[in-house]
$ cat run17.cif   # mmCIF, C-alpha atoms
data_structure
loop_
_atom_site.label_atom_id
_atom_site.label_comp_id
_atom_site.auth_asym_id
_atom_site.auth_seq_id
_atom_site.Cartn_x
_atom_site.Cartn_y
_atom_site.Cartn_z
CA MET A 267 60.44 -13.40 14.71
CA LYS A 268 59.64 -16.23 12.28
CA LYS A 269 57.18 -17.64 14.82
CA ILE A 270 55.38 -14.29 15.03
CA TYR A 271 55.06 -14.13 11.27
CA LEU A 272 53.62 -17.65 11.20
CA ILE A 273 50.98 -16.75 13.81
CA LEU A 274 50.01 -13.66 11.82
CA ILE A 275 49.64 -15.70 8.63
CA VAL A 276 47.37 -18.22 10.38
CA LEU A 277 45.22 -15.47 11.88
CA LEU A 278 44.88 -13.66 8.57
CA ALA A 279 43.98 -16.87 6.76
CA GLY A 280 41.16 -17.45 9.22
CA LEU A 281 40.02 -13.86 8.91
CA PHE A 282 39.65 -13.96 5.15
CA SER A 283 38.38 -17.49 4.55
CA SER A 284 36.27 -18.63 7.47
CA CYS A 285 32.55 -18.00 7.62
CA GLU A 286 31.69 -16.53 11.00
CA LYS A 287 29.14 -13.94 12.01
CA GLY A 288 28.73 -12.10 15.29
CA GLU A 289 25.74 -14.03 16.65
CA GLY A 290 27.42 -15.73 19.59
CA THR A 291 27.11 -19.03 17.73
CA LEU A 292 27.93 -22.15 19.74
CA THR A 293 29.35 -25.30 18.17
CA PRO A 294 29.73 -28.89 19.41
CA SER A 295 32.90 -29.49 21.41
CA GLY A 296 35.67 -31.10 19.41
CA ILE A 297 34.32 -29.88 16.07
CA GLU A 298 36.01 -27.04 14.22
CA GLU A 299 34.11 -23.77 14.21
CA GLY A 300 33.65 -21.80 11.00
CA TYR A 301 33.22 -22.54 7.30
CA HIS A 302 35.66 -21.93 4.52
CA MET A 303 34.61 -20.01 1.48
CA PRO A 304 34.40 -20.49 -1.43
CA GLN A 305 33.33 -24.12 -1.34
CA GLY A 306 34.25 -24.73 -4.96
CA ASN A 307 35.28 -23.10 -8.21
CA ASN A 308 31.94 -23.23 -10.02
CA PRO A 309 30.74 -20.06 -11.77
CA PHE A 310 27.98 -19.72 -9.15
CA ASP A 311 30.56 -19.62 -6.35
CA ALA A 312 31.30 -16.03 -7.36
CA THR A 313 27.67 -15.13 -6.63
CA ILE A 314 27.84 -16.91 -3.26
CA MET A 315 31.07 -15.12 -2.39
CA GLY A 316 29.41 -11.83 -3.26
CA TYR A 317 26.75 -12.46 -0.61
CA TYR A 318 29.39 -13.55 1.90
CA GLU A 319 31.49 -10.44 1.36
CA LYS A 320 28.46 -8.16 1.56
CA TYR A 321 26.51 -9.70 4.44
CA GLY A 322 28.89 -12.07 6.23
CA SER A 323 26.59 -15.03 5.61
CA CYS A 324 27.52 -18.34 4.00
CA LEU A 325 25.23 -19.87 1.38
CA LEU A 326 26.32 -23.49 1.69
CA TYR A 327 25.69 -26.32 -0.77
CA ASP A 328 28.30 -28.69 0.68
CA PHE A 329 27.37 -29.30 4.30
CA THR A 330 27.23 -32.00 6.96
CA ASP A 331 24.49 -33.12 9.33
CA LYS A 332 26.24 -31.17 12.08
CA ASP A 333 26.15 -27.99 10.02
CA THR A 334 22.39 -28.31 9.63
CA TYR A 335 20.86 -30.18 12.55
CA TRP A 336 22.99 -29.43 15.61
CA THR A 337 21.78 -27.01 18.32
CA PRO A 338 22.92 -26.48 21.92
CA SER A 339 19.80 -28.31 23.10
CA GLY A 340 20.25 -31.32 20.83
CA TRP A 341 20.16 -32.58 17.27
CA LYS A 342 17.01 -31.69 15.32
CA ASN A 343 17.21 -34.21 12.48
CA GLY A 344 13.93 -36.06 12.17
CA VAL A 345 13.64 -39.82 11.84
CA THR A 346 10.86 -41.34 9.75
CA GLY A 347 9.10 -44.56 10.68
CA THR A 348 6.31 -46.72 9.32
CA THR A 349 4.68 -46.81 12.75
CA ALA A 350 4.68 -44.69 15.90
CA GLU A 351 7.71 -46.60 17.12
CA GLY A 352 11.22 -45.63 16.13
CA GLY A 353 10.45 -42.23 14.64
CA LYS A 354 11.41 -38.78 15.86
CA ALA A 355 10.01 -35.32 15.07
CA GLY A 356 12.32 -32.80 13.44
CA PHE A 357 13.30 -32.01 9.87
CA LYS A 358 15.33 -33.48 7.02
CA VAL A 359 17.18 -31.83 4.15
CA THR A 360 19.17 -32.88 1.09
CA PRO A 361 21.89 -30.64 -0.38
CA ALA A 362 21.09 -28.83 -3.63
CA ASP A 363 21.80 -30.38 -6.99
CA ALA A 364 24.66 -28.29 -8.36
CA SER A 365 22.98 -28.23 -11.79
CA TYR A 366 20.21 -26.02 -10.39
CA ILE A 367 22.11 -23.83 -7.93
CA PRO A 368 22.38 -20.85 -10.34
CA GLN A 369 18.57 -20.80 -10.74
CA GLN A 370 18.10 -21.37 -7.00
CA LEU A 371 20.35 -18.40 -6.19
CA ALA A 372 18.39 -16.22 -8.61
CA LEU A 373 15.15 -17.34 -6.94
CA ILE A 374 16.48 -16.57 -3.45
CA ASP A 375 17.51 -13.10 -4.59
CA LYS A 376 14.16 -12.43 -6.25
CA CYS A 377 11.97 -13.75 -3.45
CA TRP A 378 14.04 -12.81 -0.41
CA LEU A 379 17.41 -11.08 -0.35
CA GLY A 380 16.63 -8.61 -3.11
CA LEU A 381 13.61 -7.34 -1.16
CA TYR A 382 15.59 -6.18 1.87
CA SER A 383 18.03 -3.34 2.42
CA ASN A 384 21.76 -4.04 2.64
CA ALA A 385 21.92 -2.63 6.17
CA PHE A 386 19.13 -4.94 7.31
CA LEU A 387 20.67 -8.06 5.78
CA GLU A 388 24.14 -7.26 7.08
CA LYS A 389 22.72 -7.09 10.60
CA PHE A 390 20.09 -9.83 10.60
CA LEU A 391 20.83 -12.48 7.97
CA PRO A 392 21.76 -15.83 9.60
CA LEU A 393 25.28 -17.14 9.62
CA LYS A 394 24.32 -20.02 7.33
CA ILE A 395 21.80 -20.43 4.53
CA MET A 396 21.63 -24.02 3.36
CA LEU A 397 20.98 -24.54 -0.36
CA CYS A 398 18.84 -27.68 -0.53
CA SER A 399 17.17 -29.90 -3.12
CA SER A 400 14.61 -30.99 -0.54
CA VAL A 401 13.45 -29.66 2.83
CA SER A 402 10.86 -31.56 4.85
CA THR A 403 9.44 -31.61 8.33
CA VAL A 404 9.16 -34.94 10.12
CA THR A 405 5.94 -35.05 12.13
CA TYR A 406 3.53 -37.57 13.56
CA LEU A 407 0.95 -38.24 10.84
CA PHE A 408 -2.33 -40.11 11.18
CA THR A 409 -2.88 -40.64 7.45
CA PRO A 410 -2.27 -42.84 5.67
CA ALA A 411 -2.80 -45.39 8.43
CA PRO A 412 -1.18 -46.60 10.53
CA ALA A 413 -0.05 -43.46 12.37
CA HIS A 414 3.63 -42.83 11.70
CA TYR A 415 6.43 -40.27 11.54
CA GLY A 416 6.43 -39.02 7.96
CA LEU A 417 7.78 -36.31 5.70
CA THR A 418 6.00 -33.13 4.61
CA SER A 419 7.81 -31.01 2.04
CA VAL A 420 8.23 -27.31 2.93
CA ASP A 421 9.77 -24.32 1.18
CA ALA A 422 12.23 -23.59 3.97
CA TYR A 423 13.05 -24.36 7.59
CA PHE A 424 14.76 -22.39 10.39
CA ASN A 425 17.01 -24.18 12.86
CA TYR A 426 19.22 -22.33 15.36
CA ASP A 427 21.85 -20.55 13.22
CA ASN A 428 20.65 -21.48 9.74
CA ILE A 429 17.75 -21.31 7.33
CA CYS A 430 17.42 -24.21 4.89
CA VAL A 431 15.96 -23.25 1.49
CA ASN A 432 14.33 -25.65 -0.96
CA TYR A 433 14.24 -25.48 -4.79
CA GLY A 434 17.77 -26.62 -5.54
CA ASN A 435 16.19 -29.09 -7.92
CA GLU A 436 14.46 -29.30 -11.29
CA SER A 437 11.24 -27.69 -9.98
CA VAL A 438 13.00 -24.32 -9.85
CA LEU A 439 12.82 -24.21 -13.65
CA ALA A 440 9.02 -24.06 -13.68
CA ILE A 441 8.14 -22.28 -10.45
CA THR A 442 4.91 -20.26 -10.61
CA THR A 443 4.27 -16.72 -9.41
CA SER A 444 2.06 -17.99 -6.60
CA LYS A 445 4.80 -20.31 -5.39
CA GLU A 446 7.31 -17.47 -5.53
CA LEU A 447 5.04 -15.38 -3.31
CA ALA A 448 4.63 -18.30 -0.93
CA LEU A 449 8.41 -18.62 -0.73
CA THR A 450 8.77 -14.89 -0.02
CA ARG A 451 6.27 -15.14 2.82
CA THR A 452 7.88 -18.24 4.30
CA LEU A 453 11.45 -16.93 4.17
CA SER A 454 10.45 -13.54 5.58
CA ARG A 455 8.61 -15.13 8.49
CA LEU A 456 11.53 -17.47 9.19
CA LEU A 457 13.92 -14.52 9.17
CA VAL A 458 11.79 -12.82 11.84
CA GLU A 459 11.76 -16.05 13.86
CA PHE A 460 15.54 -16.20 13.63
CA MET A 461 16.01 -12.54 14.56
CA VAL A 462 13.94 -12.80 17.73
CA ASP A 463 14.69 -16.36 18.81
CA ARG A 464 18.45 -15.76 18.58
CA GLY A 465 18.17 -12.38 20.33
CA VAL A 466 19.58 -10.46 17.36
CA SER A 467 16.57 -8.13 17.56
CA THR A 468 14.78 -7.44 20.86
CA PRO A 469 12.28 -4.91 22.25
CA ALA A 470 15.18 -3.50 24.27
CA ASP A 471 16.27 -1.92 20.96
CA LEU A 472 13.23 0.35 21.28
CA PRO A 473 12.35 0.81 24.98
CA ALA A 474 9.21 2.88 24.28
CA PHE A 475 7.66 -0.17 22.63
CA SER A 476 7.30 -1.89 26.01
CA THR A 477 6.64 1.15 28.19
CA THR A 478 3.82 2.59 26.09
CA VAL A 479 1.58 -0.20 27.48
CA SER A 480 1.35 -1.90 30.86
CA TYR A 481 2.23 -5.58 31.18
CA SER A 482 0.70 -5.86 34.63
CA GLY A 483 -2.66 -7.52 35.21
CA LEU A 484 -2.77 -9.26 31.83
CA SER A 485 -4.27 -12.41 33.33
CA SER A 486 -7.48 -10.47 33.95
CA LEU A 487 -7.96 -9.81 30.22
CA LYS A 488 -10.40 -12.56 29.26
CA THR A 489 -11.59 -11.28 25.87
CA VAL A 490 -10.05 -10.28 22.56
CA SER A 491 -11.52 -6.78 22.81
CA ALA A 492 -10.13 -6.22 26.29
CA GLY A 493 -6.64 -7.16 25.13
CA LEU A 494 -6.79 -4.99 22.02
CA ALA A 495 -7.94 -2.02 24.10
CA ARG A 496 -4.74 -2.38 26.14
CA GLY A 497 -2.56 -2.68 23.02
CA PHE A 498 -2.07 -6.45 22.96
CA PHE A 499 -2.64 -9.22 20.44
CA PRO A 500 -5.33 -11.77 21.30
CA MET A 501 -5.04 -13.38 23.85
CA PRO A 502 -2.51 -11.53 26.02
CA SER A 503 -2.54 -13.39 29.33
CA SER A 504 0.91 -14.98 28.82
CA THR A 505 2.50 -12.49 26.45
CA THR A 506 5.82 -10.68 26.91
CA PRO A 507 7.46 -7.71 25.19
CA THR A 508 9.57 -10.17 23.16
CA ILE A 509 6.52 -12.11 21.98
CA ASP A 510 4.79 -8.88 20.97
CA TRP A 511 7.91 -7.59 19.20
CA LYS A 512 7.97 -10.74 17.09
CA LYS A 513 4.24 -10.59 16.35
CA PHE A 514 4.36 -7.02 15.09
CA MET A 515 7.18 -7.95 12.72
CA LEU A 516 5.32 -11.05 11.55
CA LEU A 517 2.26 -8.87 11.01
CA MET A 518 4.19 -6.62 8.63
CA VAL A 519 5.94 -9.30 6.57
CA SER A 520 2.83 -11.49 6.27
CA TYR A 521 -0.14 -9.23 5.47
CA PRO A 522 -0.82 -6.12 3.36
CA GLU A 523 -1.81 -2.82 4.94
CA SER A 524 -5.24 -3.11 3.33
CA TYR A 525 -5.84 -6.30 5.33
CA LEU A 526 -4.63 -4.80 8.61
CA ASN A 527 -6.54 -1.54 8.26
CA ARG A 528 -9.91 -2.71 6.93
CA SER A 529 -12.99 -2.50 9.14
CA LYS A 530 -13.60 -5.95 10.55
CA ALA A 531 -15.68 -6.76 13.61
CA ILE A 532 -14.43 -9.21 16.21
CA THR A 533 -16.04 -12.57 15.43
CA ASN A 534 -14.98 -14.51 18.52
CA ASP A 535 -14.42 -12.21 21.48
CA SER A 536 -14.07 -14.98 24.01
CA TRP A 537 -11.06 -16.74 22.48
CA ASP A 538 -9.23 -16.34 19.19
CA THR A 539 -5.45 -16.63 19.04
CA SER A 540 -5.28 -17.36 15.31
CA GLU A 541 -3.80 -14.94 12.80
CA ALA A 542 -7.27 -14.68 11.29
CA ALA A 543 -7.94 -12.31 14.19
CA TRP A 544 -5.28 -9.95 12.76
CA GLU A 545 -7.61 -8.88 9.97
CA GLY A 546 -8.52 -5.25 10.68
CA ILE A 547 -6.36 -5.22 13.80
CA LEU A 548 -5.19 -1.64 13.17
CA ASN A 549 -8.66 -0.30 12.37
CA PRO A 550 -10.56 1.57 15.13
CA THR A 551 -13.32 -1.04 14.89
CA LYS A 552 -10.97 -3.41 16.72
CA ASP A 553 -8.21 -1.07 17.88
CA THR A 554 -10.58 1.14 19.87
CA LYS A 555 -7.83 2.97 21.81
CA GLY A 556 -5.35 3.19 18.93
CA LEU A 557 -2.64 1.43 20.92
CA MET A 558 -2.11 -1.38 18.42
CA LYS A 559 -1.55 1.15 15.64
CA LYS A 560 0.75 3.15 17.89
CA ARG A 561 2.95 0.14 18.65
CA TYR A 562 2.84 -1.00 15.02
CA ASP A 563 4.07 2.43 13.89
CA MET A 564 6.87 2.33 16.46
CA VAL A 565 8.24 -0.96 15.17
CA ARG A 566 7.77 -0.09 11.51
CA ASN A 567 9.46 3.30 11.84
CA TYR A 568 12.30 1.85 13.91
CA PHE A 569 13.42 -0.45 11.12
CA ILE A 570 12.92 2.25 8.49
CA GLU A 571 15.04 4.76 10.38
CA LYS A 572 17.68 2.34 11.69
CA TYR A 573 18.09 -0.03 8.73
CA ASN A 574 16.37 1.70 5.80
CA MET A 575 13.93 -1.20 5.67
CA ASP A 576 10.14 -0.95 5.61
CA LEU A 577 9.02 -4.40 6.72
CA GLN A 578 5.49 -3.62 5.58
CA SER A 579 6.74 -3.50 2.00
CA ILE A 580 7.06 -7.29 2.24
CA GLY A 581 3.51 -7.85 3.46
CA ASN A 582 2.18 -5.47 0.81
CA ARG A 583 3.22 -7.98 -1.85
CA PHE A 584 0.44 -10.34 -0.81
CA SER A 585 -3.31 -10.29 -1.44
CA TYR A 586 -5.79 -11.08 1.32
#
$ encode --input "run17.cif" --output "structure tokens"
Amino acid sequence: MKKIYLILIVLLAGLFSSCEKGEGTLTPSGIEEGYHMPQGNNPFDATIMGYYEKYGSCLLYDFTDKDTYWTPSGWKNGVTGTTAEGGKAGFKVTPADASYIPQQLALIDKCWLGLYSNAFLEKFLPLKIMLCSSVSTVTYLFTPAPAHYGLTSVDAYFNYDNICVNYGNESVLAITTSKELALTRTLSRLLVEFMVDRGVSTPADLPAFSTTVSYSGLSSLKTVSAGLARGFFPMPSSTTPTIDWKKFMLLMVSYPESYLNRSKAITNDSWDTSEAAWEGILNPTKDTKGLMKKRYDMVRNYFIEKYNMDLQSIGNRFSY
């Protein structure tokens, strides 16, 4: 009987203190799975625990390289180098300075979490959000010479089961409105990337999205106008329902309705895969058959009805 009680105590301890979310997260063999909350007894830990209890996500400021860089396909930490030799593409982060975590948490709430419904965040927020003082990509740069693997600072970065967020540093004290909007856009786009790439949200959630158009014969669509007339983003030859599902969500969280609905003629009908081609994409000038608008409405209404979240309300915060 004593042994049974001990097992129950261990199980309950894991239930109430470990940070795990139902995403089918894999971890490296031999390394303990889960994160224990709270990480400290600072006043801001109460705010972090509030998010954990509400959404099941851990906002971590004390983390290891494994927590941040590991994925089932390999480690994604970048390596800088003064030449082309010895470097590796990826990303690099530094944990937040505890002195600025309260302001960083307020910024994250203002520019991201506070803009979404509780139901949406409970379902789609990643397992881990890394609070960082620096977030940078490591890419092959040609300037300054010689070509090398160097750092480029970014607002945030998505990797497998986490999103790393910058501004856990002194700059958070003087952040401008334009930078806040840029952070909102970046974090919202990364959340969409996470949702689709991890399979947390798929077109199978809304079967009519895929069946309202035909995915056969797409290789014959050689122009932007031909693709739009069939209900596809430019250029559709290699698209899939999953790719389109992601693009419609990105459309909503990135651009205002005024941008999407304005009359704008196609400027490069032969080849234009850039998001610049999304201007006016829901207007009959481009959307001659109304299929883009129909699919857009399907996705938008799905998230409104299922999660009380209008994704377009995010894009409407921006001016284009």
$ resolve_selection --input "run17.cif" --expression "the PyMOL selection byres ((chain A and resi 572-584) around 7)" --output "JSON, numbers by chain"
{"A": [382, 383, 385, 386, 518, 519, 520, 521, 522, 523, 566, 568, 569, 570, 571, 585, 586]}
$ closest_residue --input "run17.cif" --among "A:Met515, A:Cys324, A:Leu548, A:Val359" --to "A:Ser529" --atoms "all atoms listed in the file"
A:Leu548
$ residues_around --input "run17.cif" --residues "A:Tyr423" --least-positions-apart "5" --cutoff "9 Å" --atoms "only C-alpha atoms" --output "mmCIF file with C-alpha atoms, in the coordinates of the input"
data_model
loop_
_atom_site.group_PDB
_atom_site.id
_atom_site.type_symbol
_atom_site.label_atom_id
_atom_site.label_comp_id
_atom_site.auth_asym_id
_atom_site.auth_seq_id
_atom_site.Cartn_x
_atom_site.Cartn_y
_atom_site.Cartn_z
ATOM 1 C CA PHE A 357 13.300 -32.010 9.870
ATOM 2 C CA VAL A 401 13.450 -29.660 2.830
ATOM 3 C CA SER A 402 10.860 -31.560 4.850
ATOM 4 C CA THR A 403 9.440 -31.610 8.330
ATOM 5 C CA ASN A 428 20.650 -21.480 9.740
ATOM 6 C CA ILE A 429 17.750 -21.310 7.330
ATOM 7 C CA CYS A 430 17.420 -24.210 4.890
ATOM 8 C CA VAL A 431 15.960 -23.250 1.490
ATOM 9 C CA ASN A 432 14.330 -25.650 -0.960
ATOM 10 C CA THR A 452 7.880 -18.240 4.300
ATOM 11 C CA LEU A 453 11.450 -16.930 4.170
ATOM 12 C CA LEU A 456 11.530 -17.470 9.190
#
$ resolve_selection --input "run17.cif" --expression "the PyMOL selection byres ((chain A and resi 446) around 12)" --output "PyMOL selection string"
chain A and resi 370+372-378+421+432-433+437-445+447-453+583-584
$ closest_residue --input "run17.cif" --among "A:Gly356, A:Lys389, A:Lys555, A:Pro368" --to "A:Lys320" --atoms "only C-alpha atoms"
A:Lys389
$ resolve_selection --input "run17.cif" --expression "the PyMOL selection byres ((chain A and resi 434) around 6)" --output "CSV table (one decimal) with C-alpha atoms, in the frame of the given file"
chain,number,residue,atom,x,y,z
A,362,ALA,CA,21.1,-28.8,-3.6
A,363,ASP,CA,21.8,-30.4,-7.0
A,366,TYR,CA,20.2,-26.0,-10.4
A,367,ILE,CA,22.1,-23.8,-7.9
A,370,GLN,CA,18.1,-21.4,-7.0
A,398,CYS,CA,18.8,-27.7,-0.5
A,399,SER,CA,17.2,-29.9,-3.1
A,432,ASN,CA,14.3,-25.6,-1.0
A,433,TYR,CA,14.2,-25.5,-4.8
A,435,ASN,CA,16.2,-29.1,-7.9
$ residues_around --input "run17.cif" --residues "A:Trp341" --least-positions-apart "2" --cutoff "12 Å" --atoms "all atoms listed in the file" --output "ChimeraX atom specification"
/A:293-294,331-339,343-345,354-358,425-426
$ residues_near_point --input "run17.cif" --point "(29.7, -7.1, 3.7)" --cutoff "12 Å" --atoms "all atoms listed in the file" --output "short mmCIF file (atom, residue, chain, number, x, y, z; two decimals) with C-alpha atoms, in the coordinates of the input"
data_model
loop_
_atom_site.label_atom_id
_atom_site.label_comp_id
_atom_site.auth_asym_id
_atom_site.auth_seq_id
_atom_site.Cartn_x
_atom_site.Cartn_y
_atom_site.Cartn_z
CA CYS A 285 32.55 -18.00 7.62
CA LYS A 287 29.14 -13.94 12.01
CA MET A 315 31.07 -15.12 -2.39
CA GLY A 316 29.41 -11.83 -3.26
CA TYR A 317 26.75 -12.46 -0.61
CA TYR A 318 29.39 -13.55 1.90
CA GLU A 319 31.49 -10.44 1.36
CA LYS A 320 28.46 -8.16 1.56
CA TYR A 321 26.51 -9.70 4.44
CA GLY A 322 28.89 -12.07 6.23
CA SER A 323 26.59 -15.03 5.61
CA CYS A 324 27.52 -18.34 4.00
CA ASN A 384 21.76 -4.04 2.64
CA ALA A 385 21.92 -2.63 6.17
CA PHE A 386 19.13 -4.94 7.31
CA LEU A 387 20.67 -8.06 5.78
CA GLU A 388 24.14 -7.26 7.08
CA LYS A 389 22.72 -7.09 10.60
CA LEU A 391 20.83 -12.48 7.97
#
$ residues_near_point --input "run17.cif" --point "(12.1, -13.0, 16.8)" --cutoff "7 Å" --atoms "all atoms listed in the file" --output "ChimeraX atom specification"
/A:458-463,467,512
$ write_last_selection --input "run17.cif" --atoms "C-alpha atoms" --output "tab-separated table (two decimals), in the frame of the given file"
chain	number	residue	atom	x	y	z
A	458	VAL	CA	11.79	-12.82	11.84
A	459	GLU	CA	11.76	-16.05	13.86
A	460	PHE	CA	15.54	-16.20	13.63
A	461	MET	CA	16.01	-12.54	14.56
A	462	VAL	CA	13.94	-12.80	17.73
A	463	ASP	CA	14.69	-16.36	18.81
A	467	SER	CA	16.57	-8.13	17.56
A	512	LYS	CA	7.97	-10.74	17.09
$ closest_residue --input "run17.cif" --among "A:Asn549, A:Ser503, A:Ser400, A:Gln305" --to "A:Val420" --atoms "all atoms listed in the file"
A:Ser400
$ closest_residue --input "run17.cif" --among "A:Gly556, A:Pro473, A:Gly465, A:Pro392" --to "A:Leu494" --atoms "all atoms listed in the file"
A:Gly556
$ closest_residue --input "run17.cif" --among "A:Val490, A:Ala413, A:Met501, A:Ile395" --to "A:Asp328" --atoms "all atoms listed in the file"
A:Ile395
$ atom_distance --input "run17.cif" --atom1 "atom CA of A:Thr477" --atom2 "atom CA of A:Pro550"
21.6 Å
$ closest_residue --input "run17.cif" --among "A:Leu557, A:Leu516, A:Leu457, A:Thr313" --to "A:Leu393" --atoms "only C-alpha atoms"
A:Leu457
$ residues_around --input "run17.cif" --residues "A:Phe329" --least-positions-apart "6" --cutoff "10 Å" --atoms "all atoms listed in the file" --output "list in words"
Tyr301, Gln305, Thr360, Pro361, Met396, Leu397 and Cys398 of chain A
$ atom_distance --input "run17.cif" --atom1 "atom CA of A:Tyr525" --atom2 "atom CA of A:Ser486"
29.0 Å
$ atom_distance --input "run17.cif" --atom1 "atom CA of A:Leu517" --atom2 "atom CA of A:Ser480"
21.1 Å
